[in-house]
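File shown: upload_22.txt (compact mmCIF, C-alpha atoms).
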# COMPACT_ATOMS: atom_id res chain seq x y z
CA MET C 1 -40.44 48.04 -49.73
CA TYR C 2 -42.24 45.00 -51.06
CA LEU C 3 -40.32 42.04 -52.46
CA ASP C 4 -41.51 42.81 -55.98
CA ASP C 5 -40.06 46.34 -55.70
CA ILE C 6 -36.60 44.98 -54.86
CA LYS C 7 -34.34 44.29 -57.82
CA ILE C 8 -31.24 42.11 -58.10
CA ASN C 9 -28.07 44.24 -58.16
CA MET C 10 -29.87 47.12 -56.40
CA LYS C 11 -27.17 48.95 -54.43
CA ILE C 12 -27.28 50.96 -51.22
CA ASP C 13 -24.41 52.81 -49.58
CA ILE C 14 -24.31 52.68 -45.79
CA PRO C 15 -23.06 55.79 -43.96
CA SER C 16 -19.64 55.49 -42.36
CA VAL C 17 -19.16 54.66 -38.70
CA VAL C 18 -16.07 55.24 -36.53
CA ILE C 19 -15.10 52.38 -34.22
CA ASP C 20 -15.02 53.97 -30.78
CA LYS C 21 -12.38 52.41 -28.49
CA LYS C 22 -14.49 52.58 -25.33
CA GLN C 23 -17.47 50.92 -27.04
CA MET C 24 -15.14 48.41 -28.68
CA MET C 25 -13.63 47.40 -25.33
CA GLU C 26 -17.03 47.24 -23.58
CA PHE C 27 -18.46 45.06 -26.35
CA SER C 28 -15.48 42.71 -26.24
CA GLN C 29 -15.50 42.43 -22.45
CA THR C 30 -19.20 41.62 -22.50
CA TYR C 31 -19.65 39.46 -25.60
CA ASN C 32 -16.26 38.26 -26.83
CA PRO C 33 -13.80 38.36 -23.91
CA ILE C 34 -10.70 36.92 -25.49
CA PRO C 35 -7.33 38.62 -24.90
CA ILE C 36 -6.80 39.93 -28.45
CA HIS C 37 -10.02 41.95 -28.05
CA CYS C 38 -9.79 43.23 -24.49
CA ASP C 39 -6.27 42.88 -23.04
CA GLU C 40 -4.03 45.70 -24.28
CA GLU C 41 -0.84 44.23 -22.83
CA TYR C 42 -1.51 40.87 -24.46
CA ALA C 43 -2.39 42.50 -27.78
CA ARG C 44 0.83 44.58 -27.80
CA ASN C 45 2.77 41.31 -28.02
CA THR C 46 0.87 40.01 -31.06
CA LYS C 47 1.58 40.70 -34.72
CA PHE C 48 -1.15 43.37 -34.58
CA GLY C 49 0.47 45.32 -31.74
CA ARG C 50 -2.86 46.48 -30.32
CA VAL C 51 -6.34 45.22 -29.50
CA LEU C 52 -8.64 44.28 -32.34
CA ALA C 53 -12.32 45.06 -32.50
CA SER C 54 -14.46 41.97 -32.22
CA GLY C 55 -15.59 40.98 -35.70
CA TYR C 56 -19.16 40.86 -34.46
CA MET C 57 -18.91 44.39 -33.11
CA SER C 58 -17.43 45.58 -36.41
CA PHE C 59 -20.34 44.04 -38.29
CA MET C 60 -23.00 45.27 -35.86
CA ALA C 61 -21.70 48.86 -36.03
CA VAL C 62 -22.28 48.87 -39.80
CA TRP C 63 -25.52 46.86 -39.53
CA ALA C 64 -26.94 49.50 -37.16
CA LYS C 65 -26.30 52.19 -39.80
CA PHE C 66 -27.93 49.98 -42.44
CA MET C 67 -31.01 49.51 -40.26
CA GLU C 68 -31.37 53.29 -39.93
CA ASN C 69 -32.13 53.31 -43.68
CA ASP C 70 -35.12 51.01 -43.04
CA ILE C 71 -35.23 50.01 -46.71
CA PHE C 72 -37.69 47.17 -46.20
CA GLY C 73 -39.93 49.18 -43.86
CA ASP C 74 -43.11 47.51 -42.64
CA GLU C 75 -42.79 44.89 -45.36
CA LEU C 76 -39.93 43.16 -43.51
CA ILE C 77 -41.30 40.09 -41.74
CA ALA C 78 -38.17 38.55 -40.22
CA GLY C 79 -34.57 37.63 -40.75
CA LYS C 80 -33.90 34.12 -42.07
CA SER C 81 -30.13 33.69 -42.04
CA SER C 82 -26.86 35.56 -41.84
CA LYS C 83 -23.26 34.62 -42.63
CA ILE C 84 -20.17 36.73 -41.94
CA GLU C 85 -16.63 36.31 -43.26
CA TRP C 86 -13.78 38.42 -41.87
CA PHE C 87 -10.75 39.34 -43.99
CA ARG C 88 -8.83 42.08 -42.16
CA PRO C 89 -8.58 43.28 -38.57
CA VAL C 90 -10.47 46.35 -37.40
CA PHE C 91 -8.97 48.69 -34.81
CA ALA C 92 -10.22 51.56 -32.67
CA GLN C 93 -10.76 54.72 -34.73
CA ASP C 94 -11.09 52.79 -37.98
CA ILE C 95 -13.80 54.18 -40.23
CA LEU C 96 -16.05 51.48 -41.68
CA THR C 97 -18.35 51.93 -44.65
CA GLY C 98 -20.80 49.38 -46.00
CA ARG C 99 -21.95 48.76 -49.54
CA VAL C 100 -25.10 46.69 -49.93
CA THR C 101 -26.01 44.74 -53.04
CA VAL C 102 -29.21 42.74 -53.49
CA THR C 103 -27.84 39.40 -54.67
CA ASN C 104 -30.93 37.20 -54.91
CA ILE C 105 -34.71 37.30 -54.71
CA THR C 106 -36.83 34.20 -54.24
CA ARG C 107 -40.61 34.15 -54.04
CA ARG C 108 -41.78 31.58 -51.46
CA ASN C 109 -45.56 31.80 -51.76
CA ASP C 110 -48.31 34.32 -52.59
CA TYR C 111 -47.49 36.38 -49.50
CA ASN C 112 -43.72 36.64 -49.13
CA GLY C 113 -40.29 35.76 -50.37
CA ILE C 114 -36.62 36.03 -49.51
CA ALA C 115 -34.41 38.99 -50.32
CA GLU C 116 -30.71 38.15 -50.07
CA ILE C 117 -28.33 41.03 -49.56
CA THR C 118 -24.56 41.10 -49.46
CA ILE C 119 -22.90 43.77 -47.35
CA ASP C 120 -19.26 44.45 -48.11
CA VAL C 121 -17.58 46.48 -45.36
CA TYR C 122 -14.48 48.55 -46.11
CA ASN C 123 -12.12 50.46 -43.85
CA GLN C 124 -10.83 54.00 -44.36
CA ASP C 125 -8.17 52.64 -46.74
CA ASP C 126 -10.87 51.04 -48.92
CA GLU C 127 -9.72 47.56 -47.84
CA LEU C 128 -12.42 44.90 -47.57
CA VAL C 129 -12.61 43.90 -43.90
CA LEU C 130 -15.72 41.72 -43.88
CA THR C 131 -18.59 40.44 -45.98
CA ASN C 132 -22.04 39.55 -44.74
CA VAL C 133 -24.77 37.69 -46.59
CA THR C 134 -28.20 38.05 -45.00
CA GLU C 135 -31.52 36.59 -46.08
CA SER C 136 -34.67 38.40 -45.01
CA ILE C 137 -38.30 37.39 -45.40
CA VAL C 138 -40.18 40.24 -47.06
CA LYS C 139 -43.88 40.67 -47.89
CA TYR C 140 -44.99 40.28 -51.47
CA LYS C 141 -47.71 42.57 -52.89
CA SER C 142 -51.02 40.74 -52.91
Written as structure tokens, how would this file's structure read?
Amino acid sequence: MYLDDIKINMKIDIPSVVIDKKQMMEFSQTYNPIPIHCDEEYARNTKFGRVLASGYMSFMAVWAKFMENDIFGDELIAGKSSKIEWFRPVFAQDILTGRVTVTNITRRNDYNGIAEITIDVYNQDDELVLTNVTESIVKYKS
């Protein structure tokens, strides 16, 4: 999808994803090995009572589903920036669903511009667990 086909406030629903405990633990042990994410005994003694999914893993699980939609297609040139804020913990077997909103469009030159999207991720109880704002460089129709 070309930049000029993308409209502010355009919305896309991302299919749900279940946080698998084995994948959650493997991700944490590899990329974010702190006790709250990968030590069950330690986590039992915290206010959460169990291990938490890494926030990055929670985001990437939803991002992978978003990428399956391939909304930008061949017109996507590259990512420019990404910011994540976490609001609630995510646990194994949580079901996460993303809702995408196009929040800004900026034309940079005659060839491309920036599409800013906000992804709000909710758990199975419809509680907001994280928000991501990503800017992508997208081709403009010439």
I want to know what sits within 12 Å of Gly113 of chain C, based on only C-alpha atoms, with residues of the same chain fewer than 6 positions away left out; could you give that as a list in words?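 Residues near the query, excluding close chain neighbours: Tyr2, Leu3, Asp4, Asp5, Ile6, Glu75, Leu76, Ile77, Ala78, Gly79, Lys80, Asn104, Ile105, Thr106, Arg107, Glu135, Ser136, Ile137, Val138, Lys139, Tyr140 and Lys141 of chain C.
Between atom CA of Cys38 of chain C and atom CA of Met57 of chain C the interatomic distance comes to 12.6 Å.
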Find the residue from C:Ile84, C:Ile71, C:Val133, C:Ala53 that sits nearest to Asn32 of chain C; use only C-alpha atoms when measuring. C:Ala53
All residues 10 Å or closer to Tyr56 of chain C, only C-alpha atoms, same chain fewer than 5 positions away omitted, as a ChimeraX atom specification: /C:27-28,31-32,61,84,86
From the list C:Met1, C:Met25, C:Ile19, C:Val100, which residue is nearest Phe66 of chain C when using all atoms listed in the file?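 Closest to Phe66 of chain C of all the choices is C:Val100.
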Using only C-alpha atoms, which of the listed residues (C:Ala92, C:Thr118, C:Met67, C:Phe72) sits closest to His37 of chain C? C:Ala92
Counting all atoms listed in the file, write as number ranges by chain all protein and nucleic acid residues lying at most 9 Å from (-6.1, 54.9, -43.9) in the file's frame. C: 94-95, 123-126
Quick check, in Å to one decimal: how far apart do atom CA of Thr97 of chain C and atom CA of Val17 of chain C lie? 6.6 Å
Which value, in Å to one decimal, gives the distance between atom CA of Ile12 of chain C and atom CA of Ser81 of chain C?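 The value is 19.8 Å.
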Which residues come within 7 Å of Glu85 of chain C, counting only C-alpha atoms, excluding same-chain residues fewer than 2 positions away, as a PyMOL selection string? chain C and resi 83+87+130-132
Prev. selection, C-alpha atoms, output as a JSON list (two decimals), in the frame of the given file:
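This went into result.json:
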[["chain", "number", "residue", "atom", "x", "y", "z"],
["C", 83, "LYS", "CA", -23.26, 34.62, -42.63],
["C", 87, "PHE", "CA", -10.75, 39.34, -43.99],
["C", 130, "LEU", "CA", -15.72, 41.72, -43.88],
["C", 131, "THR", "CA", -18.59, 40.44, -45.98],
["C", 132, "ASN", "CA", -22.04, 39.55, -44.74]]
Could you pull segment 126-141 of chain C out of the block above and save it with N, CA and C atoms, as a PDB file, in the first residue's frame?
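Wrote it out as out_39.pdb, contents follow:
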ATOM      1  N   ASP C 126      -9.610  -7.701  28.024  1.00  0.00           N
ATOM      2  CA  ASP C 126      -9.711  -6.398  27.364  1.00  0.00           C
ATOM      3  C   ASP C 126      -8.999  -5.297  28.146  1.00  0.00           C
ATOM      4  N   GLU C 127      -7.934  -5.679  28.870  1.00  0.00           N
ATOM      5  CA  GLU C 127      -7.095  -4.718  29.580  1.00  0.00           C
ATOM      6  C   GLU C 127      -5.912  -4.357  28.687  1.00  0.00           C
ATOM      7  N   LEU C 128      -5.620  -3.073  28.594  1.00  0.00           N
ATOM      8  CA  LEU C 128      -4.484  -2.611  27.805  1.00  0.00           C
ATOM      9  C   LEU C 128      -3.195  -3.052  28.485  1.00  0.00           C
ATOM     10  N   VAL C 129      -2.378  -3.850  27.787  1.00  0.00           N
ATOM     11  CA  VAL C 129      -1.123  -4.313  28.384  1.00  0.00           C
ATOM     12  C   VAL C 129       0.092  -3.571  27.837  1.00  0.00           C
ATOM     13  N   LEU C 130       0.015  -3.104  26.594  1.00  0.00           N
ATOM     14  CA  LEU C 130       1.129  -2.340  26.045  1.00  0.00           C
ATOM     15  C   LEU C 130       0.661  -1.516  24.863  1.00  0.00           C
ATOM     16  N   THR C 131       1.427  -0.477  24.584  1.00  0.00           N
ATOM     17  CA  THR C 131       1.201   0.355  23.406  1.00  0.00           C
ATOM     18  C   THR C 131       2.529   0.521  22.692  1.00  0.00           C
ATOM     19  N   ASN C 132       2.470   0.418  21.379  1.00  0.00           N
ATOM     20  CA  ASN C 132       3.651   0.603  20.543  1.00  0.00           C
ATOM     21  C   ASN C 132       3.349   1.684  19.515  1.00  0.00           C
ATOM     22  N   VAL C 133       4.316   2.566  19.303  1.00  0.00           N
ATOM     23  CA  VAL C 133       4.228   3.542  18.222  1.00  0.00           C
ATOM     24  C   VAL C 133       5.409   3.273  17.305  1.00  0.00           C
ATOM     25  N   THR C 134       5.114   2.964  16.052  1.00  0.00           N
ATOM     26  CA  THR C 134       6.149   2.644  15.074  1.00  0.00           C
ATOM     27  C   THR C 134       6.027   3.572  13.875  1.00  0.00           C
ATOM     28  N   GLU C 135       7.158   4.070  13.420  1.00  0.00           N
ATOM     29  CA  GLU C 135       7.209   4.848  12.183  1.00  0.00           C
ATOM     30  C   GLU C 135       7.872   3.994  11.113  1.00  0.00           C
ATOM     31  N   SER C 136       7.237   3.943   9.952  1.00  0.00           N
ATOM     32  CA  SER C 136       7.770   3.188   8.823  1.00  0.00           C
ATOM     33  C   SER C 136       7.895   4.102   7.615  1.00  0.00           C
ATOM     34  N   ILE C 137       8.947   3.880   6.846  1.00  0.00           N
ATOM     35  CA  ILE C 137       9.143   4.639   5.610  1.00  0.00           C
ATOM     36  C   ILE C 137       8.460   3.861   4.491  1.00  0.00           C
ATOM     37  N   VAL C 138       7.543   4.546   3.803  1.00  0.00           N
ATOM     38  CA  VAL C 138       6.704   3.901   2.799  1.00  0.00           C
ATOM     39  C   VAL C 138       6.801   4.686   1.489  1.00  0.00           C
ATOM     40  N   LYS C 139       6.820   3.962   0.377  1.00  0.00           N
ATOM     41  CA  LYS C 139       6.890   4.594  -0.946  1.00  0.00           C
ATOM     42  C   LYS C 139       5.657   5.456  -1.201  1.00  0.00           C
ATOM     43  N   TYR C 140       5.895   6.539  -1.919  1.00  0.00           N
ATOM     44  CA  TYR C 140       4.827   7.417  -2.371  1.00  0.00           C
ATOM     45  C   TYR C 140       4.617   7.148  -3.855  1.00  0.00           C
ATOM     46  N   LYS C 141       3.391   7.218  -4.345  1.00  0.00           N
ATOM     47  CA  LYS C 141       3.147   7.026  -5.782  1.00  0.00           C
ATOM     48  C   LYS C 141       3.832   8.140  -6.553  1.00  0.00           C
TER      49      LYS C 141
END
